[in-house]
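First comes the structure, then the notes that go with it.
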There are 2 protein chains.
Amino acid sequence: VSAETFEIILQPIGRRIEMPAGATVLDAARQAGVELVALCGGEGVCGACRVRLIEGRLSDPTLTETDNLPDEDLAHGYRLGCQAQILSNVRIDIPPESLTTPQRLQLEGQDASVELAPAAIPLEVAVPAPGLDDLRSDLTRLTEAAAKLSPLTLSFSRSILADLPAKLRAHNWQVRLALRQNEVVAILPPHSPLYGLAVDVGTTKLAAYLVNLETGHTAAKLGAMNPQIAYGEDVISRITYANEHAGGALTLQSRLVETLNQLASDLCVQANAQTDNIVEAVIVGNTAMHHLFTGLPVRQLGLAPYVPAVSEAMQFPAREVGLQLAAGAYVYLPPNIAGYVGADHVAMLLGAGLVETPQTVIALDIGTNTEISLFHQGRHFSCSCASGPAFEGAHIQFGMRAAPGAIERVRINGHDVQIHTIGDQAAVGLCGSGILDVVAELLHARLIDTRGVLKGTHPRLKANGSKTEFVLVLAEKSGVERDIKVSRADINEIQLAKGAIRAGIETLLAVAGVDDQAIDQFIVAGAFGTYLDLESAIRIGLFPNLPRERYRQVGNAAGSGARQLLISTHERQLAKAIVQHVEYVELAGHLAFTSVYVKALAFPSA
Amino acid sequence: VSAETFEIILQPIGRRIEMPAGATVLDAARQAGVELVALCGGEGVCGACRVRLIEGRLSDPTLTETDNLPDEDLAHGYRLGCQAQILSNVRIDIPPESLTTPQRLQLEGQDASVELAPAAIPLEVAVPAPGLDDLRSDLTRLTEAAAKLSPLTLSFSRSILADLPAKLRAHNWQVRLALRQNEVVAILPPHSPLYGLAVDVGTTKLAAYLVNLETGHTAAKLGAMNPQIAYGEDVISRITYANEHAGGALTLQSRLVETLNQLASDLCVQANAQTDNIVEAVIVGNTAMHHLFTGLPVRQLGLAPYVPAVSEAMQFPAREVGLQLAAGAYVYLPPNIAGYVGADHVAMLLGAGLVETPQTVIALDIGTNTEISLFHQGRHFSCSCASGPAFEGAHIQFGMRAAPGAIERVRINGHDVQIHTIGDQAAVGLCGSGILDVVAELLHARLIDTRGVLKGTHPRLKANGSKTEFVLVLAEKSGVERDIKVSRADINEIQLAKGAIRAGIETLLAVAGVDDQAIDQFIVAGAFGTYLDLESAIRIGLFPNLPRERYRQVGNAAGSGARQLLISTHERQLAKAIVQHVEYVELAGHLAFTSVYVKALAFPSA
């Protein structure tokens with residue numbers, strides 16, 4: 001074992017750690033506090049600690065691995081964590097089944113009351129069987145029977161027709177059709193329920209819902225990580241991957257669709273349904289996720305002036321992208337506003353009930369890109385700011401995503417430092433709300449100045465070489481492997497993120513000519529927005545200091561919006577109206593933006 | 001080498017021959033008069049005599065073969081004809097490139113004058129390029145530019161959108177759209193021609209046409225064998241193959257589509273065009289070919305009461321079945337009349353200009369199934385009769401398809417027997433028109449009686465065991481490998497075929513209540529119909545004895561109809577009108593049919 005060390009990035013958790021050359025992946029995960037299933041204690045017997053090499057070099061597979069892993073898996077980079085030794089900087093993907101505890105995913109969102117007007121409705125038809133005195137084709141006999149029940153002239157795709165003869169005979173000439181306007185999208189046994197699938201495709205996480213289209217009731221919900229994370233943490237790196245690898249875009253699309261199919265199937269198990277009964281899907285995501293899912297090119301999204309290929313709403317047969325739902329099911333995607341304000345922002349606005357409002361309202365969803373809308377005096381402005389991944393735990397020394405063991409709450413009272421971790425587990429690192437809290441508490445305790453420099457005296461403030469660090473968790477006291485610390489560099493990342501977001505808010509307010517104190521409602525959507533401590537956010541200057549009752553943390557409003565779009569075609573009209581009405585503000589085009597941004601980088605005086 | 005002999009069937013030629021065990025496939029082909037390319041004279045050096053084993057057993061591949069053939073080809077049954085020895089009854093497919101001379105295919109047909117109204121028309125659009133002051137999506141900028149030129153609200157499939165950003169930029173924001181109603185089916189360089197592809201998919205042969213949609217001019221035409229022949233000679237054996245093999249229907253579809261793609265590509269080379277410029281296709285075929293091509297199930301076509309899955313006209317994106325044309329090109333298939341009267345019959349009627357007529361008209365296309373239409377006093381009746389493959393050379397001892405070396409004309413004048421072969425090559429066997437002639441000439445010479453029994457005396461009438469045979473070609477005189485003979489069994493096959501067809505004609509006439517002498521026009525379509533000798537057909541009783549000027553041999557009218565359907569959407573309305581108006585007559589449902597058939601089996605008195 002040499003003295004050399006390498007950086008190991010554990011995905012989809014997003015945890016980074018330095019390890020000596022020759023350490024195993026299981027060692028690295030343990031050191032980082034990420035619990036891999038290792039039933040045999042790392043002896044190479046149980047085969048449970050399966051991981052996948054994305055980038056970098058590991059030792060050659062051992063006999064234990066060639067015995068335990070199918071050739072195909074080995075060919076795809078699968079390894080046993082306890083066997084594979086680290087020989088370079090590596091990126092490792094940990095499949096969900098190899099983790100002892102699942103990651104926290106944001107599924108809840110407010111349910112708006114939406115009148116039912118689903119895209120697909122049922123029609124029960126009894127079809128006469130053929131005989132020597134009735135030689136009509138299967139299609140003719142079905143359409144003629146349906147014509148007695150409905151004034152619509154039914155249309156049928158080739159896929160539906162291919163199933164028609166077998167289905168009519170299997171269901172003894174008594175079927176339930178799912179009709180999407182006049183198109184037959186499914187041929188089901190009599191009295192089958194009709195379901196819809198709504199998915200919020202985040203850059204990091206997926207939230208999927210199975211909804212009964214006849215009642216509007218959400219029958220099941222599930223979260224998952226976006227499997228594209230293995231190919232790049234943020235939108236820009238995904239676009240780069242798609243552009244620079246032959247078949248890269250197709251890989252990203254296929255991995256996503258595989259996971260969506262798995263989610264659809266798992267949701268159906270929860271709800272005791274069949275994927276054949278899913279007759280419509282709504283997918284919402286940012287413009288890059290939208291383009292990658294639909295198979296649109298993303299090259300022009302990565303080049304100035306960053307225009308989308310398509311901003312209009314799209315709908316097409318789900319089978320075209322490999323989604324395994326009813327044979328004729330459609331996927332609907334709401335319109336995008338701009339290259340970096342996507343259909344998920346439109347869905348978020350619908351979920352929050354914000355189509356038009358007489359009030360002055362800010363609504364935002366914080367992520368690597370933060371999309372912000374301002375409604376004021378009948379106008380609607382929106383912008384996107386590159387807030388970076390700091391609030392998702394990236395680029396922070398001990399940062400991680402909101403998985404078990406992540407510190408999500410911090411309170412500093414004099415010398416007393418209190419933390420709370422997700423799942424009350426031993427601390428592994430800091431997720432977004434934890435980092436936000438630390439910075440706010442350090443500010444409040446006057447241990448950092450308005451420029452973000454650590455200062456003053458506190459038992460936890462320690463020198464590390466020429467740098468000062470705040471030790472949040474002491475290894476010797478809490479039994480974790482090593483100290484969990486916050487540095488000036490970490491604080492700087494938070495400054496960059498909150499500066500970008502606040503500057504976006506201020507620019508929109510300036511464009512609309514309105515003062516921040518005039519904001520009647522300030523709506524915070526999304527996972528981080530749900531878990532963040534409002535006082536901390538105001539204290540570091542991320543949000544303006546408004547009376548607290550004006551804030552609303554609405555959870556996964558994009559997911560709610562997606563469900564609304566599923567059960568009501570009227571909502572699809574509203575989505576179109578939003579995009580036609582919105583005035584997109586390109587921050588790069590505003591001369592004042594840079595000075596607003598520089599000002600917003602500083603912390604407020606405590 | 002044992003004394004055992006095996007039957008070798010050479011496809012797609014359709015030539016059968018007995019060979020001793022251990023003979024090579026090249027030997028068998030030579031013996032049968034089928035010329036394989038063998039540049040090296042059968043030494044195994046040139047690798048040109050590639051054949052494919054469909055069924056049965058050959059010797060293991062020799063080193064010569066493993067050296068000359070890629071592993072993948074060997075895995076797919078490809079062999080060298082000079083190396084592979086016959087170890088059982090076998091069925092061998094000979095690819096076109098391994099034949100010295102191509103098979104004769106029927107491409108010509110009368111061109112009806114049809115007013116141009118193609119399904120796709122062009123629209124030239126200049127699109128403004130994006131910039132920081134114009135952030136519209138690619139789709140928005142295109143549709144807004146097109147809206148200034150056309151009142152249509154354009155629609156776009158996902159496949160077209162996926163190409164849009166690259167095409168706009170490649171053509172410098174100046175494009176030619178192909179519009180199918182309001183759907184954009186192709187994005188082309190400015191001023192590109194728009195082409196259509198029309199294909200008559202016969203059970204045996206394909207006839208393909210490339211047509212300029214703006215002029216109606218046929219730019220190129222090509223024929224090919226239907227590659228599905230390797231999986232069964234007739235419709236019933238294809239249906240059986242599809243039903244009894246896992247993935248069988250998909251195999252039949254894929255093989256056909258591969259050949260269609262090759263034809264499209266070859267047609268484009270002929271016409272100096274690109275397959276991207278083919279923006280619409282029309283495919284006509286019998287109901288089984290229609291269902292296999294479109295991916296509809298054929299199981300119910302093989303079971304009483306033999307109903308089609310779909311009788312209505314179909315249109316769907318060509319890419320759905322793997323046809324490689326313009327990204328958004330559609331395939332249109334005209335409606336079917338019944339399980340055994342398909343869309344090709346409808347196309348034939350259109351090609352012959354028969355939508356409605358005040359005259360009494362018979363129109364038929366002779367094949368393994370023969371479809372017959374009768375127009376009389378404003379009504380239109382149609383039926384199908386199982387005429388069998390005798391007129392395609394099958395089930396005839398020396399029968400073969402219309403390939404070089406096939407005897408197509410026979411004249412017997414006393415002791416003088418004259419033959420004419422296709423390509424004036426050494427006689428290999430008899431194709432349909434040759435068999436028809438032999439029987440007619442033997443009847444005329446009173447060498448067979450009305451029951452079909454060979455009788456009388458003639459130097460060429462020879463005993464073969466207990467059977468009498470007529471020797472058409474003497475091996476010793478003409479340098480062929482062995483005598484080419486006609487037996488009582490061959491004559492019987494012709495009786496069965498002509499009896500079925502004539503009985504179909506008579507039954508339609510009886511249903512309409514009209515005498516055969518009242519027929520004003522008797523239209524004979526298709527390849528065999530073009531080459532048959534009318535006097536012979538009347539002499540054996542295949543056709544009624546009408547004044548000769550009432551007959552019209554119209555060539556490949558189905559191919560002409562397919563081209564009309566390509567360049568005129570009005571013709572598609574006519575196709576629909578034909579199918580709505582026609583009265584299908586199920587012969588099996590007619591009590592009188594059997595007695596009519598038995599009567600029709602006999603030959604007329606000479």
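Residue numbering restarts at 1 in every chain; chains get A, B, ... in the order shown in the structure tokens, and ligands count up from 1 in that same order.
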
With the cut-off set at 6 Å and counting only C-alpha atoms, tabulate each residue of chain B with an atom at most that distance from an atom of chain A, showing the nearest atom pair and its distance in Å to one decimal, ordered by chain and increasing number, as JSON lines.
{"residue": "B:Gly131", "atom": "CA", "partner": "A:Pro305", "partner_atom": "CA", "distance": 5.9}
{"residue": "B:Leu132", "atom": "CA", "partner": "A:Pro305", "partner_atom": "CA", "distance": 5.6}
{"residue": "B:Leu135", "atom": "CA", "partner": "A:Val307", "partner_atom": "CA", "distance": 5.8}
{"residue": "B:Ser137", "atom": "CA", "partner": "A:Pro308", "partner_atom": "CA", "distance": 4.8}
{"residue": "B:Asp138", "atom": "CA", "partner": "A:Ala309", "partner_atom": "CA", "distance": 4.8}
{"residue": "B:Leu139", "atom": "CA", "partner": "A:Val310", "partner_atom": "CA", "distance": 5.2}
{"residue": "B:Ala162", "atom": "CA", "partner": "A:Leu296", "partner_atom": "CA", "distance": 4.4}
{"residue": "B:Leu296", "atom": "CA", "partner": "A:Ala162", "partner_atom": "CA", "distance": 4.4}
{"residue": "B:Pro305", "atom": "CA", "partner": "A:Leu132", "partner_atom": "CA", "distance": 5.6}
{"residue": "B:Val307", "atom": "CA", "partner": "A:Ser137", "partner_atom": "CA", "distance": 5.3}
{"residue": "B:Pro308", "atom": "CA", "partner": "A:Ser137", "partner_atom": "CA", "distance": 4.8}
{"residue": "B:Ala309", "atom": "CA", "partner": "A:Asp138", "partner_atom": "CA", "distance": 4.8}
{"residue": "B:Val310", "atom": "CA", "partner": "A:Leu139", "partner_atom": "CA", "distance": 5.2}
{"residue": "B:Ser311", "atom": "CA", "partner": "A:Ser137", "partner_atom": "CA", "distance": 5.6}

Exercise for the section: List every residue of stretch 3-103 of chain A that DSSP, applied to the backbone of this structure, assigns to strand (DSSP E or B), and report them as a VMD selection string. Expected result: chain A and resid 5 to 11 15 to 20 24 36 50 to 55 58 78 to 80 85 to 86 90 to 93 99

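Note that atom CA of A:Val598 and atom CA of A:Val439 are 18.7 Å apart.
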
Expected answer as a PDB file with all heavy atoms, in the first residue's frame: alpha helix (DSSP H) residues in stretch 396-444 of chain B:
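Listed below is the output, out16.pdb:
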ATOM      1  N   GLY B 432     -45.539 -20.964 -65.423  1.00  0.00           N
ATOM      2  CA  GLY B 432     -47.000 -21.044 -65.535  1.00  0.00           C
ATOM      3  C   GLY B 432     -47.517 -20.979 -66.955  1.00  0.00           C
ATOM      4  O   GLY B 432     -48.321 -21.830 -67.379  1.00  0.00           O
ATOM      5  N   SER B 433     -47.047 -19.988 -67.734  1.00  0.00           N
ATOM      6  CA  SER B 433     -47.591 -19.849 -69.085  1.00  0.00           C
ATOM      7  C   SER B 433     -47.177 -21.028 -69.956  1.00  0.00           C
ATOM      8  O   SER B 433     -47.911 -21.424 -70.863  1.00  0.00           O
ATOM      9  CB  SER B 433     -47.153 -18.514 -69.705  1.00  0.00           C
ATOM     10  OG  SER B 433     -45.746 -18.434 -69.731  1.00  0.00           O
ATOM     11  N   GLY B 434     -46.025 -21.635 -69.664  1.00  0.00           N
ATOM     12  CA  GLY B 434     -45.581 -22.819 -70.399  1.00  0.00           C
ATOM     13  C   GLY B 434     -46.456 -24.028 -70.097  1.00  0.00           C
ATOM     14  O   GLY B 434     -46.858 -24.768 -70.997  1.00  0.00           O
ATOM     15  N   ILE B 435     -46.771 -24.209 -68.833  1.00  0.00           N
ATOM     16  CA  ILE B 435     -47.619 -25.344 -68.446  1.00  0.00           C
ATOM     17  C   ILE B 435     -49.002 -25.195 -69.079  1.00  0.00           C
ATOM     18  O   ILE B 435     -49.585 -26.155 -69.596  1.00  0.00           O
ATOM     19  CB  ILE B 435     -47.751 -25.397 -66.913  1.00  0.00           C
ATOM     20  CG1 ILE B 435     -46.372 -25.589 -66.282  1.00  0.00           C
ATOM     21  CG2 ILE B 435     -48.690 -26.506 -66.491  1.00  0.00           C
ATOM     22  CD1 ILE B 435     -46.348 -25.226 -64.816  1.00  0.00           C
ATOM     23  N   LEU B 436     -49.513 -23.966 -69.025  1.00  0.00           N
ATOM     24  CA  LEU B 436     -50.818 -23.682 -69.620  1.00  0.00           C
ATOM     25  C   LEU B 436     -50.795 -24.047 -71.101  1.00  0.00           C
ATOM     26  O   LEU B 436     -51.699 -24.729 -71.607  1.00  0.00           O
ATOM     27  CB  LEU B 436     -51.140 -22.193 -69.434  1.00  0.00           C
ATOM     28  CG  LEU B 436     -52.419 -21.670 -70.084  1.00  0.00           C
ATOM     29  CD1 LEU B 436     -53.649 -22.281 -69.430  1.00  0.00           C
ATOM     30  CD2 LEU B 436     -52.477 -20.153 -70.003  1.00  0.00           C
ATOM     31  N   ASP B 437     -49.736 -23.613 -71.793  1.00  0.00           N
ATOM     32  CA  ASP B 437     -49.614 -23.906 -73.219  1.00  0.00           C
ATOM     33  C   ASP B 437     -49.556 -25.407 -73.499  1.00  0.00           C
ATOM     34  O   ASP B 437     -50.227 -25.898 -74.401  1.00  0.00           O
ATOM     35  CB  ASP B 437     -48.329 -23.258 -73.777  1.00  0.00           C
ATOM     36  CG  ASP B 437     -48.585 -21.842 -74.298  1.00  0.00           C
ATOM     37  OD1 ASP B 437     -49.678 -21.303 -74.016  1.00  0.00           O
ATOM     38  OD2 ASP B 437     -47.687 -21.291 -74.965  1.00  0.00           O
ATOM     39  N   VAL B 438     -48.745 -26.129 -72.742  1.00  0.00           N
ATOM     40  CA  VAL B 438     -48.605 -27.576 -72.970  1.00  0.00           C
ATOM     41  C   VAL B 438     -49.968 -28.238 -72.901  1.00  0.00           C
ATOM     42  O   VAL B 438     -50.359 -29.008 -73.790  1.00  0.00           O
ATOM     43  CB  VAL B 438     -47.696 -28.246 -71.901  1.00  0.00           C
ATOM     44  CG1 VAL B 438     -47.667 -29.759 -72.118  1.00  0.00           C
ATOM     45  CG2 VAL B 438     -46.311 -27.685 -71.950  1.00  0.00           C
ATOM     46  N   VAL B 439     -50.711 -27.942 -71.837  1.00  0.00           N
ATOM     47  CA  VAL B 439     -52.002 -28.599 -71.646  1.00  0.00           C
ATOM     48  C   VAL B 439     -52.947 -28.224 -72.790  1.00  0.00           C
ATOM     49  O   VAL B 439     -53.635 -29.082 -73.351  1.00  0.00           O
ATOM     50  CB  VAL B 439     -52.594 -28.243 -70.263  1.00  0.00           C
ATOM     51  CG1 VAL B 439     -53.988 -28.847 -70.095  1.00  0.00           C
ATOM     52  CG2 VAL B 439     -51.669 -28.729 -69.154  1.00  0.00           C
ATOM     53  N   ALA B 440     -52.936 -26.925 -73.139  1.00  0.00           N
ATOM     54  CA  ALA B 440     -53.822 -26.479 -74.217  1.00  0.00           C
ATOM     55  C   ALA B 440     -53.451 -27.155 -75.538  1.00  0.00           C
ATOM     56  O   ALA B 440     -54.318 -27.609 -76.299  1.00  0.00           O
ATOM     57  CB  ALA B 440     -53.743 -24.961 -74.353  1.00  0.00           C
ATOM     58  N   GLU B 441     -52.144 -27.270 -75.815  1.00  0.00           N
ATOM     59  CA  GLU B 441     -51.695 -27.884 -77.064  1.00  0.00           C
ATOM     60  C   GLU B 441     -51.995 -29.386 -77.088  1.00  0.00           C
ATOM     61  O   GLU B 441     -52.375 -29.935 -78.128  1.00  0.00           O
ATOM     62  CB  GLU B 441     -50.190 -27.636 -77.263  1.00  0.00           C
ATOM     63  CG  GLU B 441     -49.840 -26.184 -77.557  1.00  0.00           C
ATOM     64  CD  GLU B 441     -50.316 -25.740 -78.932  1.00  0.00           C
ATOM     65  OE1 GLU B 441     -49.861 -26.298 -79.936  1.00  0.00           O
ATOM     66  OE2 GLU B 441     -51.178 -24.824 -78.973  1.00  0.00           O
ATOM     67  N   LEU B 442     -51.825 -30.044 -75.938  1.00  0.00           N
ATOM     68  CA  LEU B 442     -52.124 -31.479 -75.874  1.00  0.00           C
ATOM     69  C   LEU B 442     -53.621 -31.723 -76.107  1.00  0.00           C
ATOM     70  O   LEU B 442     -54.016 -32.675 -76.782  1.00  0.00           O
ATOM     71  CB  LEU B 442     -51.685 -32.062 -74.523  1.00  0.00           C
ATOM     72  CG  LEU B 442     -50.165 -32.150 -74.294  1.00  0.00           C
ATOM     73  CD1 LEU B 442     -49.862 -32.585 -72.852  1.00  0.00           C
ATOM     74  CD2 LEU B 442     -49.515 -33.131 -75.288  1.00  0.00           C
ATOM     75  N   LEU B 443     -54.431 -30.832 -75.541  1.00  0.00           N
ATOM     76  CA  LEU B 443     -55.877 -30.919 -75.743  1.00  0.00           C
ATOM     77  C   LEU B 443     -56.203 -30.745 -77.229  1.00  0.00           C
ATOM     78  O   LEU B 443     -56.966 -31.517 -77.816  1.00  0.00           O
ATOM     79  CB  LEU B 443     -56.572 -29.795 -74.977  1.00  0.00           C
ATOM     80  CG  LEU B 443     -57.244 -30.100 -73.634  1.00  0.00           C
ATOM     81  CD1 LEU B 443     -57.782 -28.812 -73.050  1.00  0.00           C
ATOM     82  CD2 LEU B 443     -58.358 -31.142 -73.787  1.00  0.00           C
ATOM     83  N   HIS B 444     -55.605 -29.698 -77.805  1.00  0.00           N
ATOM     84  CA  HIS B 444     -55.848 -29.371 -79.197  1.00  0.00           C
ATOM     85  C   HIS B 444     -55.441 -30.533 -80.105  1.00  0.00           C
ATOM     86  O   HIS B 444     -56.122 -30.839 -81.091  1.00  0.00           O
ATOM     87  CB  HIS B 444     -55.053 -28.111 -79.550  1.00  0.00           C
ATOM     88  CG  HIS B 444     -55.372 -27.567 -80.913  1.00  0.00           C
ATOM     89  ND1 HIS B 444     -56.659 -27.208 -81.288  1.00  0.00           N
ATOM     90  CD2 HIS B 444     -54.590 -27.314 -81.993  1.00  0.00           C
ATOM     91  CE1 HIS B 444     -56.650 -26.759 -82.523  1.00  0.00           C
ATOM     92  NE2 HIS B 444     -55.389 -26.814 -82.989  1.00  0.00           N
TER      93      HIS B 444
END

Fill in the blank from the handout: From atom CA of A:Ala207 to atom CA of A:Val282 the spacing works out at 11.8 Å

Handout entry: Shell around B:Leu350 at 9 Å using only C-alpha atoms, local window under 5 positions removed, as a PyMOL selection string
Key = chain B and resi 112+345+355+557-558+560-562+564-565+571+574-575+578

How about saving the chosen residues, N, CA and C atoms kept, as a PDB file, in the first residue's frame?
ATOM      1  N   ALA B 112     -52.632   4.962 -65.481  1.00  0.00           N
ATOM      2  CA  ALA B 112     -53.899   5.670 -65.602  1.00  0.00           C
ATOM      3  C   ALA B 112     -53.602   7.153 -65.435  1.00  0.00           C
ATOM      4  N   HIS B 345     -56.077  -6.287 -54.314  1.00  0.00           N
ATOM      5  CA  HIS B 345     -57.178  -6.396 -55.274  1.00  0.00           C
ATOM      6  C   HIS B 345     -57.834  -5.021 -55.470  1.00  0.00           C
ATOM      7  N   VAL B 355     -63.719   1.570 -60.673  1.00  0.00           N
ATOM      8  CA  VAL B 355     -64.365   1.907 -59.409  1.00  0.00           C
ATOM      9  C   VAL B 355     -65.848   1.622 -59.547  1.00  0.00           C
ATOM     10  N   ALA B 557     -51.488  -4.237 -62.594  1.00  0.00           N
ATOM     11  CA  ALA B 557     -52.442  -3.169 -62.287  1.00  0.00           C
ATOM     12  C   ALA B 557     -52.390  -2.794 -60.807  1.00  0.00           C
ATOM     13  N   ALA B 558     -52.058  -3.764 -59.941  1.00  0.00           N
ATOM     14  CA  ALA B 558     -51.956  -3.448 -58.508  1.00  0.00           C
ATOM     15  C   ALA B 558     -50.833  -2.437 -58.280  1.00  0.00           C
ATOM     16  N   SER B 560     -49.796  -0.263 -60.540  1.00  0.00           N
ATOM     17  CA  SER B 560     -50.290   1.024 -61.053  1.00  0.00           C
ATOM     18  C   SER B 560     -51.214   1.671 -60.034  1.00  0.00           C
ATOM     19  N   GLY B 561     -52.099   0.852 -59.438  1.00  0.00           N
ATOM     20  CA  GLY B 561     -53.022   1.378 -58.436  1.00  0.00           C
ATOM     21  C   GLY B 561     -52.270   1.937 -57.238  1.00  0.00           C
ATOM     22  N   ALA B 562     -51.209   1.242 -56.831  1.00  0.00           N
ATOM     23  CA  ALA B 562     -50.415   1.720 -55.687  1.00  0.00           C
ATOM     24  C   ALA B 562     -49.818   3.089 -56.007  1.00  0.00           C
ATOM     25  N   GLN B 564     -51.067   5.267 -58.127  1.00  0.00           N
ATOM     26  CA  GLN B 564     -52.156   6.242 -58.139  1.00  0.00           C
ATOM     27  C   GLN B 564     -52.502   6.683 -56.710  1.00  0.00           C
ATOM     28  N   LEU B 565     -52.496   5.711 -55.794  1.00  0.00           N
ATOM     29  CA  LEU B 565     -52.804   6.016 -54.386  1.00  0.00           C
ATOM     30  C   LEU B 565     -51.734   6.918 -53.774  1.00  0.00           C
ATOM     31  N   GLU B 571     -57.732   9.158 -54.931  1.00  0.00           N
ATOM     32  CA  GLU B 571     -57.778   7.716 -55.173  1.00  0.00           C
ATOM     33  C   GLU B 571     -58.003   6.943 -53.863  1.00  0.00           C
ATOM     34  N   LEU B 574     -61.541   6.800 -53.368  1.00  0.00           N
ATOM     35  CA  LEU B 574     -62.141   5.800 -54.262  1.00  0.00           C
ATOM     36  C   LEU B 574     -61.941   4.391 -53.704  1.00  0.00           C
ATOM     37  N   ALA B 575     -60.757   4.145 -53.131  1.00  0.00           N
ATOM     38  CA  ALA B 575     -60.481   2.831 -52.545  1.00  0.00           C
ATOM     39  C   ALA B 575     -61.487   2.542 -51.432  1.00  0.00           C
ATOM     40  N   ILE B 578     -64.842   1.746 -52.980  1.00  0.00           N
ATOM     41  CA  ILE B 578     -64.893   0.381 -53.524  1.00  0.00           C
ATOM     42  C   ILE B 578     -65.237  -0.610 -52.418  1.00  0.00           C
TER      43      ILE B 578
END

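If only C-alpha atoms are the atoms counted, then among B:Ala489, B:Ala281, B:Ile366, B:Leu430 the closest residue to B:Phe528 is B:Ile366.
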
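Every protein, DNA or RNA residue with an atom at most 7 Å from stretch 397-402 of chain B, where only C-alpha atoms count and chain neighbours fewer than 5 positions away do not, is listed here: B:Ile13, B:Gly14, B:Arg15, B:Gln103, B:Arg104, B:Glu392, B:Gly429, B:Leu430, B:Cys431, B:Ile484, B:Lys485, B:Asp490.
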
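Going from atom CA of B:Leu542 over to atom CA of B:Asn556, you cover 19.8 Å.
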
Exercise for the section: Find the spatial neighbours of stretch 370-374 of chain B, counting only C-alpha atoms, within a cut-off of 8 Å - ignore same-chain residues fewer than 4 positions away - and output them as a PyMOL selection string. Expected result: chain B and resi 340-341+345+360-366+380-387+501+504-505+508-509

Atoms to include: C-alpha atoms. Write the selected residues as a PDB file, in the first residue's frame.
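Written out: part30.pdb:
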ATOM      1  CA  TYR B 340     -58.677 -13.558 -48.788  1.00  0.00           C
ATOM      2  CA  VAL B 341     -59.516 -10.532 -50.924  1.00  0.00           C
ATOM      3  CA  HIS B 345     -57.178  -6.396 -55.274  1.00  0.00           C
ATOM      4  CA  THR B 360     -70.547  -5.962 -67.163  1.00  0.00           C
ATOM      5  CA  VAL B 361     -66.893  -6.514 -66.305  1.00  0.00           C
ATOM      6  CA  ILE B 362     -64.863  -9.361 -64.858  1.00  0.00           C
ATOM      7  CA  ALA B 363     -61.442  -8.455 -63.388  1.00  0.00           C
ATOM      8  CA  LEU B 364     -59.080 -10.989 -61.868  1.00  0.00           C
ATOM      9  CA  ASP B 365     -55.494 -11.452 -60.789  1.00  0.00           C
ATOM     10  CA  ILE B 366     -54.386 -15.093 -60.928  1.00  0.00           C
ATOM     11  CA  HIS B 380     -69.848  -5.100 -57.538  1.00  0.00           C
ATOM     12  CA  PHE B 381     -69.283  -8.675 -56.358  1.00  0.00           C
ATOM     13  CA  SER B 382     -65.980 -10.212 -55.370  1.00  0.00           C
ATOM     14  CA  CYS B 383     -64.716 -13.581 -54.284  1.00  0.00           C
ATOM     15  CA  SER B 384     -61.500 -15.463 -53.703  1.00  0.00           C
ATOM     16  CA  CYS B 385     -60.720 -18.949 -54.915  1.00  0.00           C
ATOM     17  CA  ALA B 386     -57.966 -21.251 -53.747  1.00  0.00           C
ATOM     18  CA  SER B 387     -56.459 -21.845 -57.163  1.00  0.00           C
ATOM     19  CA  ILE B 501     -60.861 -20.075 -61.012  1.00  0.00           C
ATOM     20  CA  GLY B 504     -65.311 -18.627 -59.045  1.00  0.00           C
ATOM     21  CA  ILE B 505     -66.168 -16.748 -62.241  1.00  0.00           C
ATOM     22  CA  LEU B 508     -70.165 -14.666 -59.360  1.00  0.00           C
ATOM     23  CA  LEU B 509     -72.064 -14.658 -62.676  1.00  0.00           C
TER      24      LEU B 509
END

Handout entry: Residues within 12 Å of A:Thr569, only C-alpha atoms, excluding chain neighbours under 3 positions, as a list in words
Key = Val114, Glu115, Leu116, Ala117, Pro118, Ala119, Ala120, Ile121, Arg180, Gln181, Leu213, Glu280, Val282, Tyr332, Pro334, Ala562, Arg563, Gln564, Leu565, Leu566, Arg572, Gln573, Leu574, Ala575 and Lys576 of chain A
